[in-house]
Amino acid sequence: MITKEDIRSLLEDALPLVNLDSEFLFSELDSLEVTTILMMLSEKYDIVLEAEDATPKNLKTLESLAALVEKKLGEKE
Amino acid sequence: MNTLEDFLKRDASLYPDKIAIFCQGNRLTYAQLYGLVCSRSSEFLPFKGKAVVFPNTQDADFIITYLAIHMAGAVAVPLEKDCPEDRFLHIQKEVSDTTFEDAIADILFTTGTTGKSKGVMIGHQAILADGENLIEAQGFNNDTTFIISGPMNHIGCLSKIFPVIMCGATLYILEGMKDINAFFDAISWAEGKVATFLVPASIHMLLFYGSKKLRQLAHKIDFIETGAAPITHTDMSKLCEMLPTTRLYNTYASTETGIIATYNYNDGRCTEGCLGKAMKNSRFFITEKGTIACQGQTLMSGYFGEEEMTRKVLRDNTLYSSDLGNIDDEGMLHILGREDDVINTGGFKVAPSEVESVALERPEISDCICIAAPHPIIGTVLKLLIVSDGDIDKKGIARYLQSKLESYKVPFFYEKVECIHRTFNGKIDRKFYR
């Protein structure tokens, strides 16, 4: 199971200025930070992410990102 | 037709019901836009010959204000959306006492090589020459819907407003590229074909997680221009493969030179670093030092309040840039890099000394250097190397810099180091860090 801590340890070095504990993560990000998150998740977990995955809901918190990864991994199986 | 506003007046008469601007679900026809610009211009009449400083709100109101200032005979000084208040007031104070000649339309603030921002004065003639260059070289026309997703106070996006109005085309304004689905919605919204300007980092982003939708909408994309920073050959090739019938331009332009040259790299050759031939109103040549020099009607009128600095780069109707380049046998321009210390991050140019001088105001920082660091998406980001006796508070330093500088000047990465390398005469050894 992917946890928010797994996501945090993956992202904290690449996004040192982002408050990863925010309840409204998406609103704190700019376009390049959104891309950085999706690209790092895609590489780490070998999942394909598309435009429809880049929603404010999926990027709301570290938990919602963990859930997105879980869902994508489930679709692969 | 001597000004952009003359074209707007013509558009309002020829295409009164045509959509001029679409933004956040609201549409403005050319008749409505012209009416709003005329009524807003009365507010600026007391500023005739004076400069009016205003922030980029990235919406229709920004364009109304911009055109209304011109119509009133004043000079438009658009600043960043997130411009710190101190800086806004400082610029306002700096420009407020000067009376400008009629020919000056805008002052655009840009990074100078010395670390101090410079106000680039642009004339009405240069605006129309830029617009004409783009119409002729890239094919803007009356049916174009142009999607703007970058900051409109910068020449890259501001210059696209010119051909749109000169053609009576439609402008679709986006706040940015954060919501990639809003970008695709903009393409779908247009009745005909669309065109857009994207910095290389945005293209990289689209290729990574927008490729499926981009392929679906390929038939609707007339052309995409990029510029402001180098685009990788891998991304150029991928975009050509994905959009086989779209014209894909790489353009040479800067605030000082205006829009000079453009190259459609979807030509079967996809030549990296090529910026094409000079446009209608422009010429270029390579100096003995290997730098690119430009001539023609698109050049700036000078730096505001910096006559000596102006003479250094603008002599005999020639603008001497700091870009290194060459010209091939076909007369196409190729860019090879820069000869100064300016760092290009995501299409924004930053003088590292400006960042360092603000960072040094922090008591815990005894020495620092701002350098370029690689990033998988942006390409190049800023990194601040810091000498300090104690631990460094990365977020605290970043917040401080953000309160003093535009956000694109705030470094992405921070690292504590033992010392900063200096040359024998005590200057920061920037070459050591390249």
# chains A, B, ... in the order shown; residues from 1 in each chain; ligands from 1

$ residues_around --residues "Gly131 of chain B" --least-positions-apart "5" --cutoff "8 Å" --atoms "only C-alpha atoms" --output "list in words"
Ser159, Lys160, Phe162, Pro163 and Met166 of chain B

$ residues_around --residues "His375 of chain B" --least-positions-apart "5" --cutoff "10 Å" --atoms "only C-alpha atoms" --output "ChimeraX atom specification"
/A:14,36 /B:345,380-382,412

$ closest_residue --among "B:His154, B:His233, B:Lys212, B:Arg434" --to "Pro78 of chain B" --atoms "only C-alpha atoms"
B:His154

$ closest_atom_pairs --of "chain A" --to "chain B" --cutoff "9 Å" --atoms "only C-alpha atoms" --output "tab-separated table"
residue	atom	partner	partner_atom	distance
A:Asp13	CA	B:Phe413	CA	8.7
A:Ala14	CA	B:Phe413	CA	8.3
A:Leu15	CA	B:Phe412	CA	7.7
A:Pro16	CA	B:Phe413	CA	6.8
A:Leu17	CA	B:Lys395	CA	5.7
A:Val18	CA	B:Lys395	CA	8.5
A:Leu29	CA	B:Lys178	CA	8.0
A:Asp30	CA	B:Lys178	CA	5.8
A:Ser31	CA	B:Lys178	CA	3.7
A:Leu32	CA	B:Ile378	CA	6.8
A:Glu33	CA	B:Lys178	CA	8.6
A:Val34	CA	B:Lys178	CA	7.0
A:Thr35	CA	B:Met205	CA	6.2
A:Thr36	CA	B:Ile377	CA	6.7
A:Leu38	CA	B:Tyr209	CA	8.2
A:Met39	CA	B:Phe208	CA	7.6
A:Val48	CA	B:Tyr209	CA	8.2
A:Leu49	CA	B:Tyr209	CA	6.0
A:Glu50	CA	B:Tyr209	CA	4.5
A:Ala51	CA	B:Gly210	CA	5.1
A:Glu52	CA	B:Asn181	CA	7.2
A:Asp53	CA	B:Tyr209	CA	8.8
A:Ala54	CA	B:Asp179	CA	7.6
A:Thr55	CA	B:Asp179	CA	7.7
A:Pro56	CA	B:Asp179	CA	8.6

$ select_by_dssp --residues "segment 87-202 of chain B" --states "alpha helix (DSSP H)" --output "PyMOL selection string"
chain B and resi 87-96+124-138+155-167+180-189+200-202

$ residues_around --residues "Leu65 of chain A" --least-positions-apart "3" --cutoff "10 Å" --atoms "only C-alpha atoms" --output "PyMOL selection string"
chain A and resi 2-4+7-8+37-38+41+57-62+68-71

$ write_last_selection --atoms "all heavy atoms" --output "CSV table (one decimal), in the first residue's frame"
chain,number,residue,atom,x,y,z
A,2,ILE,N,0.5,2.2,-0.9
A,2,ILE,CA,1.3,3.4,-0.9
A,2,ILE,C,0.8,4.4,0.1
A,2,ILE,O,-0.4,4.6,0.2
A,2,ILE,CB,1.1,4.1,-2.3
A,2,ILE,CG1,1.3,3.1,-3.5
A,2,ILE,CG2,2.0,5.3,-2.5
A,2,ILE,CD1,2.7,2.6,-3.7
A,3,THR,N,1.7,5.0,0.9
A,3,THR,CA,1.2,5.9,2.0
A,3,THR,C,1.6,7.3,1.6
A,3,THR,O,2.4,7.6,0.7
A,3,THR,CB,1.9,5.6,3.3
A,3,THR,OG1,3.3,5.8,3.2
A,3,THR,CG2,1.6,4.1,3.7
A,4,LYS,N,1.0,8.3,2.4
A,4,LYS,CA,1.4,9.7,2.1
A,4,LYS,C,2.9,9.9,2.4
A,4,LYS,O,3.5,10.8,1.8
A,4,LYS,CB,0.5,10.7,2.9
A,4,LYS,CG,0.7,10.6,4.4
A,4,LYS,CD,-0.3,11.5,5.1
A,4,LYS,CE,0.3,12.9,5.4
A,4,LYS,NZ,-0.5,13.7,6.3
A,7,ILE,N,4.9,9.2,-0.6
A,7,ILE,CA,4.8,10.3,-1.6
A,7,ILE,C,5.6,11.5,-1.1
A,7,ILE,O,6.4,12.1,-1.9
A,7,ILE,CB,3.3,10.7,-1.8
A,7,ILE,CG1,2.4,9.5,-2.1
A,7,ILE,CG2,3.2,11.8,-2.8
A,7,ILE,CD1,2.6,8.9,-3.5
A,8,ARG,N,5.6,11.7,0.2
A,8,ARG,CA,6.4,12.9,0.7
A,8,ARG,C,7.9,12.7,0.5
A,8,ARG,O,8.6,13.6,0.0
A,8,ARG,CB,6.1,13.1,2.2
A,8,ARG,CG,6.8,14.3,2.7
A,8,ARG,CD,7.0,14.2,4.2
A,8,ARG,NE,5.8,13.9,4.9
A,8,ARG,CZ,4.9,14.7,5.2
A,8,ARG,NH1,5.0,16.0,4.9
A,8,ARG,NH2,3.8,14.4,5.9
A,37,ILE,N,5.4,16.7,-10.1
A,37,ILE,CA,4.7,15.6,-9.3
A,37,ILE,C,4.3,14.5,-10.2
A,37,ILE,O,4.6,13.3,-9.9
A,37,ILE,CB,3.5,16.2,-8.5
A,37,ILE,CG1,4.0,17.2,-7.4
A,37,ILE,CG2,2.7,15.1,-7.9
A,37,ILE,CD1,3.0,17.9,-6.6
A,38,LEU,N,3.6,14.8,-11.2
A,38,LEU,CA,3.1,13.7,-12.1
A,38,LEU,C,4.2,12.9,-12.7
A,38,LEU,O,4.2,11.7,-12.8
A,38,LEU,CB,2.2,14.3,-13.2
A,38,LEU,CG,0.9,14.9,-12.6
A,38,LEU,CD1,0.1,15.5,-13.8
A,38,LEU,CD2,0.0,14.0,-11.8
A,41,LEU,N,5.9,10.6,-10.0
A,41,LEU,CA,5.0,9.5,-9.7
A,41,LEU,C,5.0,8.5,-10.8
A,41,LEU,O,5.1,7.3,-10.6
A,41,LEU,CB,3.6,10.0,-9.4
A,41,LEU,CG,3.3,10.8,-8.2
A,41,LEU,CD1,1.9,11.3,-8.1
A,41,LEU,CD2,3.7,10.1,-6.9
A,57,LYS,N,-8.8,17.6,-7.6
A,57,LYS,CA,-9.1,16.6,-6.7
A,57,LYS,C,-8.0,15.6,-6.4
A,57,LYS,O,-7.7,15.2,-5.3
A,57,LYS,CB,-10.4,15.8,-7.2
A,57,LYS,CG,-11.1,15.0,-6.1
A,57,LYS,CD,-12.3,14.3,-6.7
A,57,LYS,CE,-12.8,13.2,-5.8
A,57,LYS,NZ,-13.8,12.4,-6.4
A,58,ASN,N,-7.4,15.1,-7.5
A,58,ASN,CA,-6.3,14.2,-7.4
A,58,ASN,C,-5.0,14.8,-6.8
A,58,ASN,O,-4.2,14.1,-6.2
A,58,ASN,CB,-5.9,13.6,-8.7
A,58,ASN,CG,-6.9,12.5,-9.2
A,58,ASN,OD1,-7.6,12.0,-8.4
A,58,ASN,ND2,-7.0,12.3,-10.5
A,59,LEU,N,-4.9,16.1,-6.9
A,59,LEU,CA,-3.7,16.8,-6.4
A,59,LEU,C,-4.0,17.6,-5.1
A,59,LEU,O,-3.3,18.5,-4.8
A,59,LEU,CB,-3.1,17.7,-7.5
A,59,LEU,CG,-2.4,16.9,-8.5
A,59,LEU,CD1,-2.8,17.3,-9.9
A,59,LEU,CD2,-0.9,17.1,-8.4
A,60,LYS,N,-5.1,17.2,-4.4
A,60,LYS,CA,-5.5,18.0,-3.3
A,60,LYS,C,-4.6,17.9,-2.1
A,60,LYS,O,-4.2,18.8,-1.4
A,60,LYS,CB,-6.9,17.7,-2.9
A,60,LYS,CG,-7.6,18.6,-1.8
A,60,LYS,CD,-9.0,18.3,-1.7
A,60,LYS,CE,-9.7,19.1,-0.6
A,60,LYS,NZ,-9.3,18.8,0.8
A,61,THR,N,-4.2,16.6,-1.8
A,61,THR,CA,-3.3,16.3,-0.6
A,61,THR,C,-2.4,15.2,-1.0
A,61,THR,O,-2.5,14.5,-2.0
A,61,THR,CB,-4.1,15.9,0.6
A,61,THR,OG1,-4.9,14.7,0.2
A,61,THR,CG2,-5.1,16.9,1.1
A,62,LEU,N,-1.4,14.9,-0.1
A,62,LEU,CA,-0.5,13.8,-0.3
A,62,LEU,C,-1.3,12.5,-0.3
A,62,LEU,O,-1.0,11.5,-1.1
A,62,LEU,CB,0.5,13.7,0.8
A,62,LEU,CG,1.6,14.8,0.7
A,62,LEU,CD1,2.6,14.6,1.9
A,62,LEU,CD2,2.4,14.8,-0.6
A,68,LEU,N,-4.4,8.1,-6.0
A,68,LEU,CA,-4.3,8.1,-7.4
A,68,LEU,C,-3.3,7.0,-7.9
A,68,LEU,O,-3.6,6.3,-8.8
A,68,LEU,CB,-3.8,9.5,-7.9
A,68,LEU,CG,-3.4,9.6,-9.4
A,68,LEU,CD1,-4.7,9.4,-10.3
A,68,LEU,CD2,-2.8,11.0,-9.7
A,69,VAL,N,-2.1,6.9,-7.2
A,69,VAL,CA,-1.1,5.9,-7.5
A,69,VAL,C,-1.7,4.5,-7.3
A,69,VAL,O,-1.6,3.6,-8.2
A,69,VAL,CB,0.2,6.1,-6.7
A,69,VAL,CG1,1.1,5.0,-7.0
A,69,VAL,CG2,0.8,7.4,-7.0
A,70,GLU,N,-2.4,4.3,-6.2
A,70,GLU,CA,-3.0,3.0,-5.9
A,70,GLU,C,-4.0,2.6,-7.0
A,70,GLU,O,-4.0,1.5,-7.5
A,70,GLU,CB,-3.8,3.1,-4.6
A,70,GLU,CG,-2.9,3.0,-3.4
A,70,GLU,CD,-2.4,1.6,-3.1
A,70,GLU,OE1,-2.8,0.6,-3.7
A,70,GLU,OE2,-1.4,1.5,-2.3
A,71,LYS,N,-4.8,3.6,-7.4
A,71,LYS,CA,-5.8,3.3,-8.5
A,71,LYS,C,-5.1,2.9,-9.8
A,71,LYS,O,-5.5,2.0,-10.5
A,71,LYS,CB,-6.6,4.6,-8.7
A,71,LYS,CG,-7.8,4.5,-9.7
A,71,LYS,CD,-8.6,5.7,-9.7
A,71,LYS,CE,-9.3,5.9,-11.0
A,71,LYS,NZ,-8.8,7.0,-11.8

$ atom_distance --atom1 "atom CA of Ser388 of chain B" --atom2 "atom CA of Glu356 of chain B"
13.9 Å

$ select_by_dssp --residues "segment 149-242 of chain B" --states "strand (DSSP E or B)" --output "PyMOL selection string"
chain B and resi 170-173+194-197+221-226

$ atom_distance --atom1 "atom CA of Ile203 of chain B" --atom2 "atom CA of Asn266 of chain B"
14.6 Å

$ residues_around --residues "Glu5 of chain A" --least-positions-apart "4" --cutoff "9 Å" --atoms "only C-alpha atoms" --output "PyMOL selection string"
chain A and resi 9-10+62-63

$ closest_residue --among "B:Gly290, B:Cys270, B:Met152, B:Ser353" --to "Asp367 of chain B" --atoms "only C-alpha atoms"
B:Ser353

$ residues_around --residues "Ala186 of chain B" --least-positions-apart "3" --cutoff "12 Å" --atoms "only C-alpha atoms" --output "MDAnalysis selection string"
chainID B and resid 22:25 145:149 170:175 177 179:183 189:196 217 220:221

$ atom_distance --atom1 "atom CA of Tyr303 of chain B" --atom2 "atom CA of Val120 of chain B"
4.8 Å

$ residues_around --residues "Asp341 of chain B" --least-positions-apart "5" --cutoff "12 Å" --atoms "only C-alpha atoms" --output "ChimeraX atom specification"
/B:111-115,322-323,349-354,369-372,428-431,433-434

$ write_last_selection --atoms "C-alpha atoms" --output "short mmCIF file (atom, residue, chain, number, x, y, z; two decimals), in the first residue's frame"
data_model
loop_
_atom_site.label_atom_id
_atom_site.label_comp_id
_atom_site.auth_asym_id
_atom_site.auth_seq_id
_atom_site.Cartn_x
_atom_site.Cartn_y
_atom_site.Cartn_z
CA THR B 111 16.44 41.72 -16.59
CA GLY B 112 19.64 43.63 -17.22
CA THR B 113 23.06 42.06 -17.37
CA THR B 114 24.19 44.15 -14.41
CA GLY B 115 21.48 42.79 -12.14
CA SER B 322 24.56 39.21 -25.82
CA ASP B 323 23.41 36.09 -27.69
CA LYS B 349 15.92 35.82 -17.87
CA VAL B 350 17.46 36.39 -14.44
CA ALA B 351 20.65 38.22 -13.51
CA PRO B 352 22.13 36.15 -10.65
CA SER B 353 23.64 39.22 -8.99
CA GLU B 354 20.14 40.66 -8.40
CA ILE B 369 25.95 32.60 -5.35
CA CYS B 370 22.95 32.04 -7.60
CA ILE B 371 23.67 29.41 -10.24
CA ALA B 372 21.85 27.44 -12.93
CA ILE B 428 32.52 35.65 -7.73
CA ASP B 429 34.01 33.01 -10.03
CA ARG B 430 30.87 32.25 -12.04
CA LYS B 431 32.71 30.16 -14.63
CA TYR B 433 30.00 26.90 -11.33
CA ARG B 434 29.00 26.43 -14.98
#
